[in-house]
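Asks: Structure file target17.csv (CSV, C-alpha atoms) right here:
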chain,number,residue,atom,x,y,z
F,1,MET,CA,63.4,19.3,-19.3
F,2,VAL,CA,64.2,21.7,-16.5
F,3,PHE,CA,62.7,22.5,-13.1
F,4,SER,CA,64.1,25.5,-11.3
F,5,SER,CA,64.6,25.8,-7.5
F,6,PHE,CA,61.4,27.8,-7.1
F,7,TYR,CA,58.0,27.5,-5.6
F,8,PHE,CA,55.8,27.5,-8.7
F,9,ILE,CA,52.2,28.8,-8.9
F,10,LEU,CA,49.8,28.6,-11.8
F,11,GLU,CA,47.1,31.1,-11.1
F,12,SER,CA,44.2,33.0,-12.7
F,13,ILE,CA,43.7,35.7,-10.0
F,14,LEU,CA,45.0,39.2,-9.4
F,15,VAL,CA,48.5,39.1,-8.0
F,16,LEU,CA,48.1,41.9,-5.5
F,17,GLY,CA,50.3,44.3,-7.5
F,18,LEU,CA,53.3,41.9,-7.6
F,19,VAL,CA,53.1,41.1,-11.3
F,20,ARG,CA,52.6,43.9,-13.8
F,21,CYS,CA,52.7,43.6,-17.6
F,22,CYS,CA,52.9,47.3,-18.0
F,23,PRO,CA,52.6,50.4,-15.6
F,24,GLY,CA,49.2,50.5,-13.9
F,25,ARG,CA,48.0,47.1,-15.2
F,26,ILE,CA,47.9,43.8,-13.2
F,27,THR,CA,48.0,40.6,-15.2
F,28,LYS,CA,45.3,37.9,-14.7
F,29,ASN,CA,46.6,34.6,-16.2
F,30,VAL,CA,50.2,34.0,-15.3
F,31,ILE,CA,52.7,31.2,-14.6
F,32,GLY,CA,54.5,32.5,-11.5
F,33,GLU,CA,57.8,31.4,-10.0
F,34,TRP,CA,58.9,32.2,-6.5
F,35,GLU,CA,62.5,31.8,-5.5
F,36,GLU,CA,63.1,31.3,-1.8
F,37,ASP,CA,66.8,32.1,-1.7
F,38,THR,CA,66.5,35.6,-2.9
F,39,GLY,CA,62.8,36.5,-2.6
F,40,PHE,CA,62.6,36.9,-6.4
F,41,TYR,CA,59.3,36.4,-8.2
F,42,GLN,CA,58.9,36.0,-12.0
F,43,ALA,CA,55.8,35.6,-14.0
F,44,LEU,CA,54.8,34.9,-17.6
F,45,ARG,CA,51.4,35.9,-18.9
F,46,VAL,CA,49.4,33.3,-20.9
F,47,THR,CA,46.4,33.7,-23.2
F,48,ASP,CA,42.9,33.6,-21.9
F,49,ASP,CA,42.2,30.2,-23.6
F,50,SER,CA,45.1,28.6,-21.7
F,51,PRO,CA,45.6,25.8,-21.1
F,52,ILE,CA,45.0,24.4,-24.6
F,53,PHE,CA,45.8,20.9,-23.2
F,54,LYS,CA,45.6,19.4,-19.7
F,55,LYS,CA,46.1,15.9,-18.4
F,56,GLN,CA,47.1,14.1,-15.2
F,57,SER,CA,49.6,11.4,-15.9
F,58,LYS,CA,50.7,8.7,-13.4
F,59,TYR,CA,53.5,11.0,-12.2
F,60,GLN,CA,52.5,14.6,-12.8
F,61,SER,CA,50.1,17.2,-14.3
F,62,ILE,CA,50.8,17.9,-17.9
F,63,GLU,CA,49.7,21.2,-19.5
F,64,VAL,CA,50.3,23.1,-22.7
F,65,HIS,CA,49.7,26.8,-22.5
F,66,LYS,CA,50.0,29.6,-25.0
F,67,SER,CA,51.7,33.1,-24.9
F,68,GLU,CA,51.2,35.8,-27.5
F,69,TYR,CA,55.0,36.2,-27.6
F,70,PHE,CA,56.5,32.9,-26.5
F,71,GLY,CA,54.2,30.6,-28.3
F,72,LYS,CA,53.3,27.2,-26.9
F,73,ILE,CA,54.5,26.5,-23.4
F,74,LEU,CA,55.0,23.1,-21.7
F,75,VAL,CA,54.1,23.1,-18.0
F,76,LEU,CA,54.6,20.1,-15.7
F,77,ASP,CA,53.1,20.3,-12.2
F,78,GLY,CA,52.8,24.0,-12.6
F,79,VAL,CA,56.4,24.4,-13.6
F,80,LEU,CA,57.4,26.0,-16.8
F,81,GLN,CA,59.6,23.6,-18.8
F,82,LEU,CA,60.1,25.4,-22.1
F,83,THR,CA,58.5,27.8,-24.6
F,84,GLU,CA,58.7,27.7,-28.3
F,85,GLU,CA,60.3,31.1,-28.5
F,86,ASP,CA,63.4,30.5,-26.3
F,87,ALA,CA,63.8,26.8,-25.9
F,88,ASP,CA,66.5,26.7,-28.5
F,89,SER,CA,69.1,28.2,-26.2
F,90,TYR,CA,69.0,25.6,-23.4
F,91,ASN,CA,68.4,22.6,-25.6
F,92,GLU,CA,70.9,23.3,-28.3
F,93,MET,CA,73.6,23.9,-25.8
F,94,MET,CA,72.8,20.8,-23.8
F,95,ALA,CA,73.1,18.8,-27.0
F,96,HIS,CA,75.7,20.4,-29.2
F,97,MET,CA,78.3,21.2,-26.6
F,98,PRO,CA,79.1,17.6,-25.7
F,99,MET,CA,78.5,16.3,-29.2
F,100,MET,CA,80.9,18.8,-30.7
F,101,GLN,CA,83.4,18.3,-27.9
F,102,HIS,CA,83.7,14.6,-28.9
F,103,LYS,CA,85.6,14.0,-32.1
F,104,ASN,CA,83.3,11.3,-33.5
F,105,PRO,CA,80.2,10.5,-31.4
F,106,LYS,CA,78.4,7.4,-32.6
F,107,THR,CA,76.4,6.4,-29.6
F,108,ALA,CA,74.4,8.7,-27.3
F,109,LEU,CA,72.1,8.6,-24.3
F,110,VAL,CA,69.5,11.2,-23.2
F,111,ILE,CA,68.2,10.9,-19.7
F,112,GLY,CA,65.1,13.0,-19.1
F,113,GLY,CA,64.1,15.6,-21.7
F,114,GLY,CA,60.7,14.1,-22.3
F,115,ASP,CA,59.9,17.1,-24.4
F,116,GLY,CA,62.2,15.7,-27.1
F,117,TYR,CA,64.1,18.9,-27.9
F,118,VAL,CA,67.6,17.7,-26.8
F,119,LEU,CA,67.0,14.5,-28.7
F,120,ASN,CA,66.0,16.4,-31.8
F,121,GLU,CA,69.3,18.4,-31.6
F,122,ILE,CA,71.5,15.4,-31.0
F,123,LEU,CA,70.1,13.8,-34.2
F,124,LYS,CA,71.5,16.6,-36.3
F,125,HIS,CA,75.0,15.0,-36.0
F,126,PRO,CA,75.7,12.8,-39.0
F,127,SER,CA,78.2,10.6,-37.2
F,128,LEU,CA,75.5,9.4,-34.7
F,129,GLU,CA,74.4,5.8,-35.3
F,130,HIS,CA,72.3,5.1,-32.2
F,131,VAL,CA,70.7,7.1,-29.4
F,132,ASP,CA,68.7,5.8,-26.4
F,133,HIS,CA,66.2,8.1,-24.9
F,134,VAL,CA,65.1,7.4,-21.3
F,135,ASP,CA,62.2,9.2,-19.6
F,136,LEU,CA,60.0,8.2,-16.8
F,137,ASP,CA,56.7,9.6,-18.1
F,138,GLY,CA,55.6,8.4,-21.5
F,139,ASP,CA,52.6,10.7,-21.5
F,140,VAL,CA,54.9,13.7,-21.7
F,141,VAL,CA,56.5,12.2,-24.8
F,142,GLU,CA,53.1,11.6,-26.4
F,143,VAL,CA,51.9,15.2,-25.7
F,144,CYS,CA,55.0,16.7,-27.1
F,145,LYS,CA,54.8,14.6,-30.2
F,146,GLU,CA,51.5,16.2,-30.9
F,147,TYR,CA,52.0,19.8,-29.8
F,148,PHE,CA,55.6,20.8,-30.6
F,149,LYS,CA,57.3,21.1,-34.0
F,150,TRP,CA,60.2,18.8,-33.1
F,151,GLY,CA,57.8,16.0,-32.1
F,152,ALA,CA,58.9,13.8,-35.0
F,153,ALA,CA,62.3,13.2,-33.4
F,154,TRP,CA,61.3,9.9,-32.0
F,155,ASP,CA,60.5,8.6,-35.5
F,156,ASP,CA,64.1,8.6,-36.4
F,157,PRO,CA,65.3,5.0,-36.8
F,158,ARG,CA,68.4,5.7,-34.8
F,159,VAL,CA,66.2,6.4,-31.7
F,160,THR,CA,65.1,3.8,-29.1
F,161,LEU,CA,62.7,5.2,-26.5
F,162,HIS,CA,62.8,3.6,-23.0
F,163,VAL,CA,59.9,4.7,-20.7
F,164,LYS,CA,61.5,4.1,-17.3
F,165,ASP,CA,63.6,5.6,-14.5
F,166,GLY,CA,67.0,6.9,-15.7
F,167,SER,CA,68.8,5.7,-12.6
F,168,SER,CA,67.7,2.1,-12.9
F,169,PHE,CA,68.4,2.2,-16.6
F,170,MET,CA,72.0,3.1,-16.1
F,171,LYS,CA,72.6,0.2,-13.8
F,172,ASN,CA,72.1,-2.2,-16.8
F,173,VAL,CA,74.2,-0.3,-19.3
F,174,SER,CA,77.3,-2.0,-20.6
F,175,ASP,CA,80.6,-0.6,-19.7
F,176,GLY,CA,81.8,2.1,-22.1
F,177,PHE,CA,78.8,1.9,-24.4
F,178,TYR,CA,78.0,5.6,-24.9
F,179,ASP,CA,80.2,8.3,-26.4
F,180,VAL,CA,78.0,11.1,-25.1
F,181,ILE,CA,75.4,11.2,-22.3
F,182,VAL,CA,73.1,14.1,-21.8
F,183,GLN,CA,71.2,14.3,-18.5
F,184,ASP,CA,68.4,16.7,-19.0
F,185,SER,CA,66.9,16.1,-15.6
F,186,SER,CA,64.7,18.0,-13.3
F,187,ASP,CA,66.1,19.7,-10.2
F,188,PRO,CA,67.1,17.6,-7.1
F,189,TRP,CA,65.2,20.0,-4.8
F,190,THR,CA,62.6,22.7,-4.6
F,191,TRP,CA,60.9,24.9,-2.0
F,192,ASP,CA,57.6,24.5,-0.3
F,193,LYS,CA,55.2,27.3,0.7
F,194,ASN,CA,56.9,27.7,4.1
F,195,GLY,CA,60.3,28.3,2.6
F,196,GLU,CA,61.6,24.8,3.4
F,197,MET,CA,63.8,22.9,1.0
F,198,VAL,CA,62.1,19.8,-0.3
F,199,LYS,CA,64.2,17.0,-1.8
F,200,LEU,CA,62.7,15.7,-5.1
F,201,PRO,CA,62.9,12.1,-6.6
F,202,SER,CA,65.2,13.4,-9.3
F,203,GLY,CA,67.8,14.0,-6.7
F,204,VAL,CA,69.0,10.4,-7.2
F,205,LEU,CA,70.3,11.5,-10.6
F,206,TYR,CA,72.8,13.8,-8.8
F,207,THR,CA,74.1,11.3,-6.3
F,208,GLU,CA,77.7,9.9,-6.3
F,209,ASP,CA,76.3,6.4,-7.0
F,210,HIS,CA,74.5,7.6,-10.2
F,211,PHE,CA,77.4,9.7,-11.3
F,212,SER,CA,79.6,6.6,-11.0
F,213,GLN,CA,77.2,4.7,-13.3
F,214,LEU,CA,77.3,7.5,-15.8
F,215,TYR,CA,81.1,7.4,-15.8
F,216,ARG,CA,81.1,3.6,-16.2
F,217,GLY,CA,78.7,3.8,-19.1
F,218,LEU,CA,80.9,6.2,-21.1
F,219,SER,CA,83.5,5.2,-23.6
F,220,GLU,CA,87.2,5.9,-23.2
F,221,ASN,CA,86.8,9.4,-24.5
F,222,GLY,CA,83.2,9.8,-23.5
F,223,ILE,CA,81.6,13.1,-22.4
F,224,LEU,CA,78.8,13.7,-19.9
F,225,ASN,CA,76.6,16.9,-20.0
F,226,ILE,CA,74.2,17.5,-17.1
F,227,GLN,CA,71.6,20.3,-16.4
F,228,ALA,CA,73.4,22.3,-13.7
F,229,GLU,CA,71.2,25.1,-12.6
F,230,THR,CA,71.8,28.8,-12.4
F,231,PHE,CA,74.8,30.4,-10.6
F,232,HIS,CA,72.6,33.3,-9.4
F,233,LEU,CA,70.9,31.3,-6.6
F,234,PRO,CA,73.0,30.4,-3.6
F,235,THR,CA,71.7,26.9,-3.2
F,236,ASP,CA,72.1,26.2,-6.9
F,237,LEU,CA,75.7,27.5,-6.9
F,238,ASP,CA,76.5,25.2,-3.9
F,239,GLY,CA,75.1,22.4,-6.1
F,240,ILE,CA,77.3,23.3,-9.0
F,241,ILE,CA,80.4,23.2,-6.8
F,242,SER,CA,79.5,19.9,-5.3
F,243,TRP,CA,78.6,18.2,-8.5
F,244,ARG,CA,81.8,19.3,-10.2
F,245,LYS,CA,83.9,18.0,-7.3
F,246,GLN,CA,82.0,14.8,-7.4
F,247,ALA,CA,82.6,14.3,-11.1
F,248,LEU,CA,86.4,14.9,-10.7
F,249,GLY,CA,86.5,12.6,-7.7
F,250,LEU,CA,85.1,9.8,-9.8
F,251,GLY,CA,87.8,10.1,-12.5
F,252,PHE,CA,86.6,12.7,-15.1
F,253,SER,CA,89.7,14.6,-16.2
F,254,ARG,CA,87.8,17.9,-16.6
F,255,ALA,CA,84.5,19.3,-15.5
F,256,GLN,CA,83.5,22.7,-16.8
F,257,TYR,CA,80.4,24.8,-16.1
F,258,GLY,CA,78.9,26.6,-19.0
F,259,SER,CA,76.4,29.4,-19.0
F,260,ILE,CA,73.2,29.8,-21.1
F,261,ALA,CA,71.0,32.9,-21.5
F,262,ILE,CA,67.3,32.1,-21.5
F,263,SER,CA,64.7,34.7,-20.7
F,264,THR,CA,61.9,32.5,-19.3
F,265,TYR,CA,64.0,30.6,-16.8
F,266,PRO,CA,64.3,32.3,-13.4
F,267,THR,CA,67.2,34.9,-13.3
F,268,GLY,CA,67.5,34.6,-17.1
F,269,GLN,CA,70.4,32.2,-16.8
F,270,ILE,CA,70.9,28.5,-16.5
F,271,GLY,CA,74.0,26.3,-17.0
F,272,PHE,CA,75.4,22.9,-17.8
F,273,LEU,CA,78.3,20.9,-16.4
F,274,MET,CA,80.3,19.2,-19.1
F,275,CYS,CA,82.5,16.4,-17.8
F,276,GLU,CA,85.2,14.7,-20.0
F,277,LYS,CA,86.8,11.4,-19.4
F,278,ASN,CA,89.8,12.4,-21.5
F,279,SER,CA,90.1,16.1,-22.1
F,280,ASP,CA,93.2,15.6,-24.3
F,281,ALA,CA,90.9,13.9,-26.9
F,282,ALA,CA,88.6,16.9,-27.3
F,283,SER,CA,87.8,18.3,-30.7
F,284,THR,CA,89.9,21.3,-31.9
F,285,ARG,CA,88.2,24.5,-32.9
F,286,GLU,CA,88.9,23.8,-36.5
F,287,GLU,CA,87.2,20.4,-36.3
F,288,VAL,CA,84.2,22.0,-34.7
F,289,ASP,CA,84.0,24.6,-37.4
F,290,GLU,CA,84.1,22.0,-40.1
F,291,ARG,CA,81.4,19.8,-38.6
F,292,PHE,CA,79.2,22.8,-38.0
F,293,LYS,CA,79.5,23.9,-41.7
F,294,LEU,CA,78.6,20.3,-42.7
F,295,MET,CA,75.5,20.4,-40.6
F,296,GLN,CA,74.4,23.7,-42.1
F,297,LYS,CA,75.0,22.4,-45.6
F,298,LYS,CA,72.6,19.5,-44.8
F,299,SER,CA,70.1,22.1,-43.5
F,300,LEU,CA,70.6,20.8,-39.9
F,301,LYS,CA,70.8,24.3,-38.6
F,302,THR,CA,70.8,25.9,-35.1
F,303,THR,CA,69.6,29.3,-34.0
F,304,TYR,CA,71.5,29.7,-30.7
F,305,TYR,CA,74.5,27.4,-30.7
F,306,GLN,CA,77.5,28.4,-32.8
F,307,PRO,CA,81.2,27.1,-32.6
F,308,LYS,CA,82.4,30.2,-30.8
F,309,LEU,CA,80.2,29.1,-27.8
F,310,GLN,CA,82.3,26.0,-27.5
F,311,LYS,CA,84.7,28.1,-25.5
F,312,SER,CA,83.0,31.4,-24.7
F,313,SER,CA,80.1,29.8,-22.9
F,314,LEU,CA,82.6,28.4,-20.4
F,315,ASP,CA,84.0,31.9,-19.6
F,316,LEU,CA,82.2,32.9,-16.4
F,317,PRO,CA,81.9,36.1,-14.4
F,318,LEU,CA,84.9,36.5,-12.1
F,319,TRP,CA,82.9,35.9,-8.9
F,320,VAL,CA,81.4,32.7,-10.3
F,321,GLU,CA,84.7,31.4,-11.6
F,322,LYS,CA,86.2,32.0,-8.2
F,323,LYS,CA,83.4,30.1,-6.5
F,324,VAL,CA,83.4,27.2,-8.9
F,325,TYR,CA,87.1,26.7,-9.5
F,326,TYR,CA,89.1,28.1,-6.7
F,327,GLU,CA,89.9,25.8,-3.9
F,328,VAL,CA,91.2,28.7,-1.8
F,329,ASN,CA,90.5,32.4,-1.8
F,330,TYR,CA,92.9,34.0,-4.3
F,331,ASP,CA,93.5,37.7,-4.4
F,332,ASP,CA,91.6,39.7,-7.1
F,333,ASP,CA,94.6,40.1,-9.4
F,334,GLU,CA,95.4,36.4,-9.4
F,335,THR,CA,94.0,33.8,-11.9
F,336,SER,CA,92.9,30.3,-11.2
F,337,PRO,CA,95.6,27.8,-12.0
F,338,GLU,CA,92.8,25.4,-13.0
F,339,ARG,CA,91.2,27.8,-15.5
F,340,GLU,CA,94.4,28.8,-17.2
F,341,GLU,CA,94.5,25.3,-18.8
F,342,LEU,CA,90.9,25.4,-20.2
Would you encode the structure as structure tokens?

Replies:
Amino acid sequence: MVFSSFYFILESILVLGLVRCCPGRITKNVIGEWEEDTGFYQALRVTDDSPIFKKQSKYQSIEVHKSEYFGKILVLDGVLQLTEEDADSYNEMMAHMPMMQHKNPKTALVIGGGDGYVLNEILKHPSLEHVDHVDLDGDVVEVCKEYFKWGAAWDDPRVTLHVKDGSSFMKNVSDGFYDVIVQDSSDPWTWDKNGEMVKLPSGVLYTEDHFSQLYRGLSENGILNIQAETFHLPTDLDGIISWRKQALGLGFSRAQYGSIAISTYPTGQIGFLMCEKNSDAASTREEVDERFKLMQKKSLKTTYYQPKLQKSSLDLPLWVEKKVYYEVNYDDDETSPEREEL
């Protein structure tokens, strides 16, 4: 599940002209998101009967809302996590990019993602024999089992659910056990009402120590994919650059940022950082095409991911590419030596 670097508000009041669903009309029930870096505010209108479910777990407020267009919406501590309408983009890319990049993934680990969507997508790969799912809040899992159509994912016999902290779980993982690890974690920071950055508990999942545990837990040709924020926000972009350097410094042979279009996340874009232990062992385009066709024949279909995205999602706007991959400032007509090999 994803938190963005925003100050989030769930409100049922007039928003003083800031949020308009159409000219001359101010919305009442909205999930609003304020981004301190740029002063951007985004909101989604929910139905008058929202929330249709509400509970306070040991760790957070859990709510399920409804939108006429986006369907059911998972909200944690006032933060929009996903909607039924556009959750396919983020979750399919988080799952299928690393699973397809690996030639024959048999073991996988999902850290976070208590909504179960990433887990559901990973299970579509016939080669998979075992997947561990680790999430801190078991109540989120139970709610999503009931309210979302992919809720049966945990019933698959290949799945073992661990309700615990992902960082502590990794410290007990055997060396080289997983072929693929997907870290669908919340943000390491947010902003308070005064515009001050606040470090969140999930920040431990982005530290060098935790990254080293992820590296150790991967097999020889293992692949890690982490939630890596949007490049449209300055603080997020700094994070992307830092995490990539951190991954390469620990021994990953390649770490690439990929972009995902998603309308209900702030700025309409989010990304992932795919880190490979041995990039020479990556699947070829022909192998990805063949596996994708096999999935479709088995009715294990996708709606956002397709094999073309295995490469095209990694092609970034020029200014982003320069920020993420250039170690020095190149002239506009030069290309990054690092990117020429990707």

Asks: Got a sec: who's within 8 Å of Ala43 (chain F), counting only C-alpha atoms, leaving out chain neighbours fewer than 3 positions off, as a list in words?

Replies: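 In the requested form, the answer reads Val19, Val30, Ile31, Gly32 and Glu33 of chain F.
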
Asks: May I have the residues from that selection written out with C-alpha atoms, as an mmCIF file, in the frame of the given file?

Replies:
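Everything below was put into part34.cif:
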data_model
loop_
_atom_site.group_PDB
_atom_site.id
_atom_site.type_symbol
_atom_site.label_atom_id
_atom_site.label_comp_id
_atom_site.auth_asym_id
_atom_site.auth_seq_id
_atom_site.Cartn_x
_atom_site.Cartn_y
_atom_site.Cartn_z
ATOM 1 C CA VAL F 19 53.100 41.100 -11.300
ATOM 2 C CA VAL F 30 50.200 34.000 -15.300
ATOM 3 C CA ILE F 31 52.700 31.200 -14.600
ATOM 4 C CA GLY F 32 54.500 32.500 -11.500
ATOM 5 C CA GLU F 33 57.800 31.400 -10.000
#

Asks: From the options F:Ile122, F:Val182, F:Leu136, F:Val64, which residue's atoms come nearest to Trp154 (chain F), counting all atoms listed in the file?

Replies: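 Result for the nearest residue to Trp154 (chain F): F:Ile122.
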
Asks: Please determine, counting only C-alpha atoms, which residue among F:Ile62, F:Leu309, F:Val204, F:Ile262 has the shortest atom-to-atom distance to Glu84 (chain F).

Replies: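 Among the listed residues, F:Ile262 lies closest to Glu84 (chain F).
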
Asks: My list of candidates is F:Leu109, F:Met93, F:Ile260, F:Val320. Which is closest to Ile240 (chain F) when distances are computed with all atoms listed in the file?

Replies: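 Of F:Leu109, F:Met93, F:Ile260, F:Val320, the one nearest Ile240 (chain F) is F:Val320, counting all atoms listed in the file.
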
Asks: In terms of the shortest atom-to-atom distance over all atoms listed in the file, which of F:Ser57, F:Gln81, F:Ser313, F:Asn225 is closest to Gly116 (chain F)?

Replies: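 Among F:Ser57, F:Gln81, F:Ser313, F:Asn225, it is F:Gln81 that comes nearest to Gly116 (chain F).
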
Asks: Sorted by chain and rising residue number, list the residues of region 84-186 of chain F at most 8 Å from region 290-306 of chain F (counting all atoms listed in the file), each with its closest atom pair and distance in Å to one decimal, as JSON lines.

Replies:
{"residue": "F:Asp88", "atom": "CA", "partner": "F:Tyr304", "partner_atom": "CA", "distance": 6.2}
{"residue": "F:Ser89", "atom": "CA", "partner": "F:Tyr304", "partner_atom": "CA", "distance": 5.3}
{"residue": "F:Glu92", "atom": "CA", "partner": "F:Tyr305", "partner_atom": "CA", "distance": 6.0}
{"residue": "F:Met93", "atom": "CA", "partner": "F:Tyr305", "partner_atom": "CA", "distance": 6.1}
{"residue": "F:His96", "atom": "CA", "partner": "F:Tyr305", "partner_atom": "CA", "distance": 7.3}
{"residue": "F:Met100", "atom": "CA", "partner": "F:Arg291", "partner_atom": "CA", "distance": 8.0}
{"residue": "F:Lys124", "atom": "CA", "partner": "F:Leu300", "partner_atom": "CA", "distance": 5.6}
{"residue": "F:His125", "atom": "CA", "partner": "F:Met295", "partner_atom": "CA", "distance": 7.1}
{"residue": "F:Pro126", "atom": "CA", "partner": "F:Met295", "partner_atom": "CA", "distance": 7.8}

Asks: Nearest residue to Tyr325 (chain F) out of F:Thr83, F:Gln256, F:Leu161, F:Phe272, using all atoms listed in the file?

Replies: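 Among the listed residues, F:Gln256 lies closest to Tyr325 (chain F).
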
Asks: Take CA of Asn278 (chain F) and CA of Met94 (chain F) and report the distance between them in Å, one decimal.

Replies: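 Separation between CA of Asn278 (chain F) and CA of Met94 (chain F): 19.1 Å.
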
Asks: Pick from F:Asp155, F:Asp165, F:Glu287, F:Asp238: nearest to His210 (chain F), with all atoms listed in the file counted?

Replies: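 When distances to His210 (chain F) are compared using all atoms listed in the file, the smallest one comes from F:Asp165.
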
Asks: Just how far from CA of Thr107 (chain F) is CA of Tyr206 (chain F), in Å to one decimal?

Replies: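 The value is 22.4 Å.
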
Asks: Rounded to one decimal, what separation in Å do you get between CA of Tyr265 (chain F) and CA of Gly114 (chain F)?

Replies: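 These atoms are spaced 17.7 Å apart.
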
Asks: Excluding Ser127 (chain F) and residues on its chain fewer than 6 positions from it, collect all residues at most 8 Å away from it, counting only C-alpha atoms, and give them as a list in words.

Replies: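 Result of the neighbour search: Asn104, Pro105 and Lys106 of chain F.
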
Asks: Residues at most 6 Å from region 217-219 of chain F, counting only C-alpha atoms, excluding those fewer than 6 positions away in the same chain, as a PyMOL selection string?

Replies: chain F and resi 175-179

Asks: Applying 12 Å and all atoms listed in the file, which residues near Glu146 (chain F) remain after dropping the ones on its own chain fewer than 4 positions away? List them as a list in words.

Replies: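 Contacts, with the query itself left out: Phe53, Val64, Lys72, Asp115, Gly116, Asp139, Val140, Val141, Glu142, Trp150, Gly151, Ala152, Ala153 and Trp154 of chain F.
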